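Working notes, beginning with the structure itself.
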Amino acid sequence: MCGRYASTRGPQDLTQLFEVTEWRPEETLAPSWNVAPTDEVYAILERVARDDGDEVRRELRALKWGLVPSWAKDPKAGARMINARVETVHEKPAYRRAFAKRRCLLPADGFYEWDPVTDEATGRTRKQPYFIHPADDQVMAMAGLYEYWRNPDIADGDDPAAWLVTCTIITTEATDEAGRVYPRMPLALTPDHYDAWLDPHHQNTDDLRALLTQPAGGRLDARPVSPAVNNVRNNGPHLLDPAT
């Protein structure tokens, strides 16, 4: 799974890296070295403009991490849906509609996983966090899905508060250094697949699944970092310092 990651690039960088044409300054997020489930996160997505025919706009949005299906009775369900397995994402009821129509990219500097280690002196087992990231320190474009949930307590459908927009990260079998720490990892797409993945008109499930191949072959590094990352209240670049 992916339950924690770092995302520190700002809108100026992300709009250029992903050729974004529209973003909302009021949705600007602070850099985070400890992104946790239910946090707001940056997502790149494409939507057909309501007021301009079939024009597709690439947007940078702030979404809540933890997908809430449109049919969910309670938005709290999102806390359990932070990840979707690539093997079943196209068929699971919670994800299949979003997989066909609402796909996104979630930019990250890297992600965290934990490896149980035994203290030789005490015999006790603890979880050692690792920061796993591209070896060249380029942005990771994690494949994701997004969904809209309508709040029935707000009568006016044009009120922005009536809609909750959430997302999930697609995971796959871990490769490279990540596989030595944990068997699953986020599925990161390469730039040549961005356009096809984001295109809302592209709804062929088989073609879309073909984009989700094993990521980052030979291009991931992992290093042990401080257990301070275990606490979601801790944040800052010091969380990426190698553990002593």
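Ligands are numbered from 1 in the order shown, residues from 1 within each chain, and chains are lettered A, B, ... in the order they appear in the structure tokens.
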Could you pull out all residues of segment 10-230 of chain A with a DSSP call of strand (DSSP E) and give them as an MDAnalysis selection string? chainID A and resid 22:23 32:35 40:48 56:65 83:85 103:108 110:118 125:134 140:150 163:173 184:186 220:224
Report as a list of chain:residue names all protein, DNA and RNA residues lying within 12 Å of segment 15-19 of chain A, evaluated on only C-alpha atoms, omitting residues in the same chain fewer than 6 positions from it. A:Arg9, A:Pro25, A:Tyr42, A:Ala43, A:Ile44, A:Leu45, A:Glu46, A:Arg57, A:Arg58, A:Glu59, A:Leu60, A:Arg61, A:Cys104, A:Leu105, A:Leu106, A:Pro107, A:Gln138, A:Val139, A:Met140, A:Ala141, A:Thr190, A:Pro191, A:Asp192, A:His193, A:Tyr194, A:Asp195, A:Leu198
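Nearest-residue note for Ala6 of chain A: choosing from A:Arg47, A:His90, A:Arg180, A:His133, the minimum distance belongs to A:His133, counting only C-alpha atoms.
Rounded to one decimal, atom CA of Arg97 of chain A and atom CA of Leu14 of chain A lie 26.7 Å from each other.
For the set A:Ala222, A:Thr168, A:Arg96, A:Ala79, the residue with the smallest atom-to-atom gap to Asp137 of chain A is A:Ala222, counting only C-alpha atoms.
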Run DSSP on the backbone and give me the residues of segment 3-240 of chain A it puts in alpha helix (DSSP H), as a PyMOL selection string. chain A and resi 11-17+96-101+176-181+194-198+205-211
Residues from last step as file, N, CA and C atoms, as a short mmCIF file (atom, residue, chain, number, x, y, z; two decimals), in the first residue's frame:
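So result15.cif came out as:
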data_model
loop_
_atom_site.label_atom_id
_atom_site.label_comp_id
_atom_site.auth_asym_id
_atom_site.auth_seq_id
_atom_site.Cartn_x
_atom_site.Cartn_y
_atom_site.Cartn_z
N PRO A 11 2.66 25.01 -7.17
CA PRO A 11 1.89 25.13 -8.42
C PRO A 11 2.72 25.62 -9.60
N GLN A 12 3.68 26.52 -9.36
CA GLN A 12 4.48 27.03 -10.47
C GLN A 12 5.24 25.90 -11.15
N ASP A 13 5.82 25.01 -10.35
CA ASP A 13 6.56 23.88 -10.91
C ASP A 13 5.62 22.86 -11.55
N LEU A 14 4.54 22.55 -10.87
CA LEU A 14 3.65 21.49 -11.34
C LEU A 14 2.92 21.88 -12.62
N THR A 15 2.52 23.14 -12.74
CA THR A 15 1.83 23.55 -13.96
C THR A 15 2.74 23.45 -15.18
N GLN A 16 4.04 23.69 -14.98
CA GLN A 16 4.99 23.56 -16.09
C GLN A 16 5.30 22.09 -16.38
N LEU A 17 5.55 21.31 -15.33
CA LEU A 17 5.93 19.91 -15.52
C LEU A 17 4.84 19.12 -16.22
N ARG A 96 -14.47 1.23 -10.47
CA ARG A 96 -14.54 0.96 -11.91
C ARG A 96 -15.07 2.13 -12.72
N ARG A 97 -16.03 2.90 -12.20
CA ARG A 97 -16.53 4.05 -12.96
C ARG A 97 -15.46 5.13 -13.05
N ALA A 98 -14.76 5.36 -11.96
CA ALA A 98 -13.70 6.35 -11.98
C ALA A 98 -12.56 5.91 -12.90
N PHE A 99 -12.28 4.62 -12.92
CA PHE A 99 -11.21 4.12 -13.78
C PHE A 99 -11.52 4.39 -15.25
N ALA A 100 -12.80 4.28 -15.61
CA ALA A 100 -13.19 4.51 -17.00
C ALA A 100 -13.24 5.99 -17.36
N LYS A 101 -13.55 6.87 -16.39
CA LYS A 101 -13.85 8.25 -16.74
C LYS A 101 -13.07 9.32 -15.97
N ASP A 176 12.53 -2.95 -7.68
CA ASP A 176 13.76 -2.31 -7.29
C ASP A 176 13.92 -2.27 -5.77
N GLU A 177 14.43 -1.14 -5.27
CA GLU A 177 14.67 -1.00 -3.84
C GLU A 177 13.37 -1.07 -3.05
N ALA A 178 12.27 -0.61 -3.64
CA ALA A 178 10.99 -0.64 -2.92
C ALA A 178 10.60 -2.07 -2.55
N GLY A 179 10.88 -3.02 -3.44
CA GLY A 179 10.50 -4.40 -3.18
C GLY A 179 11.26 -5.04 -2.04
N ARG A 180 12.39 -4.47 -1.66
CA ARG A 180 13.14 -4.99 -0.52
C ARG A 180 12.54 -4.54 0.81
N VAL A 181 11.70 -3.52 0.74
CA VAL A 181 11.10 -2.97 1.95
C VAL A 181 9.67 -3.46 2.14
N TYR A 194 1.21 10.16 -19.96
CA TYR A 194 0.36 11.15 -19.28
C TYR A 194 -0.90 11.46 -20.09
N ASP A 195 -0.73 11.78 -21.35
CA ASP A 195 -1.85 12.24 -22.17
C ASP A 195 -2.95 11.18 -22.26
N ALA A 196 -2.56 9.95 -22.56
CA ALA A 196 -3.55 8.89 -22.71
C ALA A 196 -4.25 8.59 -21.39
N TRP A 197 -3.51 8.64 -20.29
CA TRP A 197 -4.09 8.34 -18.99
C TRP A 197 -5.10 9.40 -18.56
N LEU A 198 -4.80 10.65 -18.82
CA LEU A 198 -5.66 11.74 -18.36
C LEU A 198 -6.86 12.00 -19.27
N THR A 205 -11.14 0.11 -21.42
CA THR A 205 -10.52 -0.45 -20.22
C THR A 205 -9.25 -1.22 -20.52
N ASP A 206 -9.25 -2.00 -21.58
CA ASP A 206 -8.06 -2.79 -21.92
C ASP A 206 -6.89 -1.89 -22.28
N ASP A 207 -7.14 -0.85 -23.05
CA ASP A 207 -6.07 0.08 -23.42
C ASP A 207 -5.52 0.81 -22.19
N LEU A 208 -6.42 1.18 -21.29
CA LEU A 208 -6.00 1.89 -20.10
C LEU A 208 -5.15 0.99 -19.20
N ARG A 209 -5.55 -0.25 -19.08
CA ARG A 209 -4.78 -1.18 -18.24
C ARG A 209 -3.39 -1.42 -18.83
N ALA A 210 -3.29 -1.34 -20.15
CA ALA A 210 -1.99 -1.54 -20.81
C ALA A 210 -1.00 -0.43 -20.45
N LEU A 211 -1.51 0.72 -20.03
CA LEU A 211 -0.63 1.82 -19.62
C LEU A 211 -0.01 1.55 -18.25
#
Between atom CA of Trp163 of chain A and atom CA of Ser32 of chain A, what is the spacing in Å? 24.7 Å
What is the distance, in Å and to one decimal place, between atom CA of Ala94 of chain A and atom CA of Pro69 of chain A? 5.7 Å
Which residue out of A:Asn235, A:Asn83, A:Gln203, A:Asn151 has the minimum interatomic distance to Thr8 of chain A when only C-alpha atoms are used? A:Asn235
At a cut-off of 9 Å, using only C-alpha atoms, what residues contact Arg80 of chain A? Leave out same-chain residues fewer than 6 positions from it and give the result as a PyMOL selection string. chain A and resi 37+66-67
9 Å contact set for Tyr112 of chain A, only C-alpha atoms, chain neighbours under 3 positions out, as a PDB file with C-alpha atoms, in the first residue's frame:
ATOM      1  CA  CYS A   2       0.947   3.652  -0.002  1.00  0.00           C
ATOM      2  CA  GLY A   3      -0.089   5.344   3.228  1.00  0.00           C
ATOM      3  CA  ARG A   4       2.302   8.271   3.433  1.00  0.00           C
ATOM      4  CA  TYR A   5       4.265  10.333   0.916  1.00  0.00           C
ATOM      5  CA  ALA A   6       6.095  13.620   0.366  1.00  0.00           C
ATOM      6  CA  ASN A  34       4.388  13.827   5.539  1.00  0.00           C
ATOM      7  CA  PRO A 129      10.606   3.807   7.921  1.00  0.00           C
ATOM      8  CA  TYR A 130      12.217   4.128   4.492  1.00  0.00           C
ATOM      9  CA  PHE A 131      11.881   6.968   2.017  1.00  0.00           C
ATOM     10  CA  ILE A 132      11.606   5.549  -1.508  1.00  0.00           C
ATOM     11  CA  HIS A 133      12.084   7.969  -4.391  1.00  0.00           C
ATOM     12  CA  VAL A 229       7.686  10.360  10.175  1.00  0.00           C
TER      13      VAL A 229
END
Tell me which protein, DNA and RNA residues are within 7 Å of Thr172 of chain A, counting only C-alpha atoms, leaving out same-chain ones fewer than 3 positions away, and put them as a PDB file with C-alpha atoms, in the first residue's frame.
ATOM      1  CA  ARG A  85      -4.925  -2.394  -6.530  1.00  0.00           C
ATOM      2  CA  VAL A  86      -3.995  -2.341 -10.217  1.00  0.00           C
ATOM      3  CA  ARG A 184       3.445  -3.077  -2.840  1.00  0.00           C
ATOM      4  CA  MET A 185       4.133   0.441  -4.132  1.00  0.00           C
ATOM      5  CA  PRO A 186       2.416   3.313  -5.971  1.00  0.00           C
ATOM      6  CA  LEU A 187       2.234   2.871  -9.717  1.00  0.00           C
TER       7      LEU A 187
END
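The shortest atom-to-atom distance to Leu240 of chain A, with only C-alpha atoms taken into account, belongs to A:Asp109 out of A:Glu40, A:Asp109, A:Glu26, A:Glu55.
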So which residues touch Ile154 of chain A within 12 Å, counting only C-alpha atoms, skipping near sequence neighbours fewer than 6 positions away, as a PyMOL selection string? chain A and resi 160-164
For the residues selected in the previous step, produce a file with C-alpha atoms as a PDB file, in the first residue's frame.
ATOM      1  CA  PRO A 160     -19.222  24.269  -4.091  1.00  0.00           C
ATOM      2  CA  ALA A 161     -19.717  22.948  -0.556  1.00  0.00           C
ATOM      3  CA  ALA A 162     -22.269  20.476  -1.940  1.00  0.00           C
ATOM      4  CA  TRP A 163     -19.511  18.486  -3.621  1.00  0.00           C
ATOM      5  CA  LEU A 164     -16.598  16.577  -2.143  1.00  0.00           C
TER       6      LEU A 164
END
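If you measure from each of A:Trp114, A:Ala84, A:Val225, A:His202 to Pro183 of chain A using only C-alpha atoms, the closest one turns out to be A:Trp114.
Nearest to Lys73 of chain A of all the residues A:Asp136, A:Glu113, A:Asp153, A:Glu27 is A:Asp153, counting only C-alpha atoms.
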For Met81 of chain A, please output as a ChimeraX atom specification all residues within 12 Å (counting only C-alpha atoms; exclusion window: fewer than 6 positions along the same chain). /A:1-3,37-38,64-69,72,75,89,92,94-95,144-147,166-171
Next, the residues of the selection above should be written as a PDB file, in the first residue's frame with N, CA and C atoms.
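Printed below is again.pdb as written:
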ATOM      1  N   MET A   1       0.845  -1.190   0.000  1.00  0.00           N
ATOM      2  CA  MET A   1       0.000   0.000   0.000  1.00  0.00           C
ATOM      3  C   MET A   1       0.878   1.236   0.000  1.00  0.00           C
ATOM      4  N   CYS A   2       0.259   2.369  -0.173  1.00  0.00           N
ATOM      5  CA  CYS A   2       0.947   3.652  -0.002  1.00  0.00           C
ATOM      6  C   CYS A   2       0.118   4.453   0.995  1.00  0.00           C
ATOM      7  N   GLY A   3       0.660   4.644   2.198  1.00  0.00           N
ATOM      8  CA  GLY A   3      -0.089   5.344   3.228  1.00  0.00           C
ATOM      9  C   GLY A   3       0.513   6.655   3.652  1.00  0.00           C
ATOM     10  N   PRO A  37      -3.331  10.094   4.800  1.00  0.00           N
ATOM     11  CA  PRO A  37      -4.714   9.913   4.345  1.00  0.00           C
ATOM     12  C   PRO A  37      -5.648  10.973   4.924  1.00  0.00           C
ATOM     13  N   THR A  38      -6.592  11.407   4.110  1.00  0.00           N
ATOM     14  CA  THR A  38      -7.595  12.453   4.348  1.00  0.00           C
ATOM     15  C   THR A  38      -7.013  13.860   4.208  1.00  0.00           C
ATOM     16  N   LYS A  64      -9.127  15.653  -1.772  1.00  0.00           N
ATOM     17  CA  LYS A  64      -8.939  14.952  -0.507  1.00  0.00           C
ATOM     18  C   LYS A  64      -8.520  13.516  -0.779  1.00  0.00           C
ATOM     19  N   TRP A  65      -7.447  13.083  -0.103  1.00  0.00           N
ATOM     20  CA  TRP A  65      -6.926  11.739  -0.327  1.00  0.00           C
ATOM     21  C   TRP A  65      -7.750  10.701   0.440  1.00  0.00           C
ATOM     22  N   GLY A  66      -8.382   9.809  -0.317  1.00  0.00           N
ATOM     23  CA  GLY A  66      -9.272   8.781   0.231  1.00  0.00           C
ATOM     24  C   GLY A  66     -10.569   8.831  -0.541  1.00  0.00           C
ATOM     25  N   LEU A  67     -10.703   7.964  -1.542  1.00  0.00           N
ATOM     26  CA  LEU A  67     -11.818   8.076  -2.481  1.00  0.00           C
ATOM     27  C   LEU A  67     -13.158   7.724  -1.848  1.00  0.00           C
ATOM     28  N   VAL A  68     -14.133   8.606  -2.046  1.00  0.00           N
ATOM     29  CA  VAL A  68     -15.512   8.375  -1.600  1.00  0.00           C
ATOM     30  C   VAL A  68     -16.361   8.118  -2.839  1.00  0.00           C
ATOM     31  N   PRO A  69     -16.862   6.893  -3.032  1.00  0.00           N
ATOM     32  CA  PRO A  69     -17.701   6.613  -4.206  1.00  0.00           C
ATOM     33  C   PRO A  69     -18.937   7.491  -4.216  1.00  0.00           C
ATOM     34  N   ALA A  72     -21.742   6.362  -1.924  1.00  0.00           N
ATOM     35  CA  ALA A  72     -21.496   6.171  -0.491  1.00  0.00           C
ATOM     36  C   ALA A  72     -22.479   6.990   0.336  1.00  0.00           C
ATOM     37  N   PRO A  75     -19.225  10.073   3.859  1.00  0.00           N
ATOM     38  CA  PRO A  75     -17.896  10.378   3.295  1.00  0.00           C
ATOM     39  C   PRO A  75     -16.749   9.778   4.102  1.00  0.00           C
ATOM     40  N   VAL A  89      -8.610  -2.846 -10.063  1.00  0.00           N
ATOM     41  CA  VAL A  89      -9.194  -1.504 -10.046  1.00  0.00           C
ATOM     42  C   VAL A  89     -10.273  -1.324 -11.109  1.00  0.00           C
ATOM     43  N   LYS A  92     -13.633  -3.439  -9.469  1.00  0.00           N
ATOM     44  CA  LYS A  92     -14.194  -3.210  -8.142  1.00  0.00           C
ATOM     45  C   LYS A  92     -15.268  -2.116  -8.211  1.00  0.00           C
ATOM     46  N   ALA A  94     -16.223   0.171  -6.244  1.00  0.00           N
ATOM     47  CA  ALA A  94     -15.844   1.493  -5.732  1.00  0.00           C
ATOM     48  C   ALA A  94     -14.995   2.281  -6.718  1.00  0.00           C
ATOM     49  N   TYR A  95     -14.346   1.583  -7.663  1.00  0.00           N
ATOM     50  CA  TYR A  95     -13.372   2.245  -8.519  1.00  0.00           C
ATOM     51  C   TYR A  95     -13.662   2.166 -10.018  1.00  0.00           C
ATOM     52  N   GLY A 144      -3.654   7.781 -10.384  1.00  0.00           N
ATOM     53  CA  GLY A 144      -4.747   7.857  -9.423  1.00  0.00           C
ATOM     54  C   GLY A 144      -6.099   7.971 -10.105  1.00  0.00           C
ATOM     55  N   LEU A 145      -7.125   7.905  -9.291  1.00  0.00           N
ATOM     56  CA  LEU A 145      -8.510   8.101  -9.724  1.00  0.00           C
ATOM     57  C   LEU A 145      -9.125   9.170  -8.843  1.00  0.00           C
ATOM     58  N   TYR A 146     -10.133   9.861  -9.379  1.00  0.00           N
ATOM     59  CA  TYR A 146     -10.857  10.820  -8.537  1.00  0.00           C
ATOM     60  C   TYR A 146     -12.356  10.623  -8.725  1.00  0.00           C
ATOM     61  N   GLU A 147     -13.111  11.101  -7.744  1.00  0.00           N
ATOM     62  CA  GLU A 147     -14.553  10.892  -7.758  1.00  0.00           C
ATOM     63  C   GLU A 147     -15.251  12.052  -7.060  1.00  0.00           C
ATOM     64  N   THR A 166     -12.613  13.585  -4.178  1.00  0.00           N
ATOM     65  CA  THR A 166     -11.621  12.764  -3.490  1.00  0.00           C
ATOM     66  C   THR A 166     -10.813  11.945  -4.493  1.00  0.00           C
ATOM     67  N   CYS A 167      -9.734  11.338  -4.017  1.00  0.00           N
ATOM     68  CA  CYS A 167      -8.869  10.575  -4.920  1.00  0.00           C
ATOM     69  C   CYS A 167      -8.273   9.369  -4.221  1.00  0.00           C
ATOM     70  N   THR A 168      -7.735   8.462  -5.028  1.00  0.00           N
ATOM     71  CA  THR A 168      -7.037   7.288  -4.527  1.00  0.00           C
ATOM     72  C   THR A 168      -5.807   7.043  -5.383  1.00  0.00           C
ATOM     73  N   ILE A 169      -4.834   6.316  -4.830  1.00  0.00           N
ATOM     74  CA  ILE A 169      -3.589   5.985  -5.524  1.00  0.00           C
ATOM     75  C   ILE A 169      -3.638   4.523  -5.957  1.00  0.00           C
ATOM     76  N   ILE A 170      -3.298   4.267  -7.206  1.00  0.00           N
ATOM     77  CA  ILE A 170      -3.243   2.893  -7.707  1.00  0.00           C
ATOM     78  C   ILE A 170      -1.889   2.284  -7.330  1.00  0.00           C
ATOM     79  N   THR A 171      -1.928   1.068  -6.780  1.00  0.00           N
ATOM     80  CA  THR A 171      -0.704   0.396  -6.361  1.00  0.00           C
ATOM     81  C   THR A 171      -0.460  -0.869  -7.174  1.00  0.00           C
TER      82      THR A 171
END
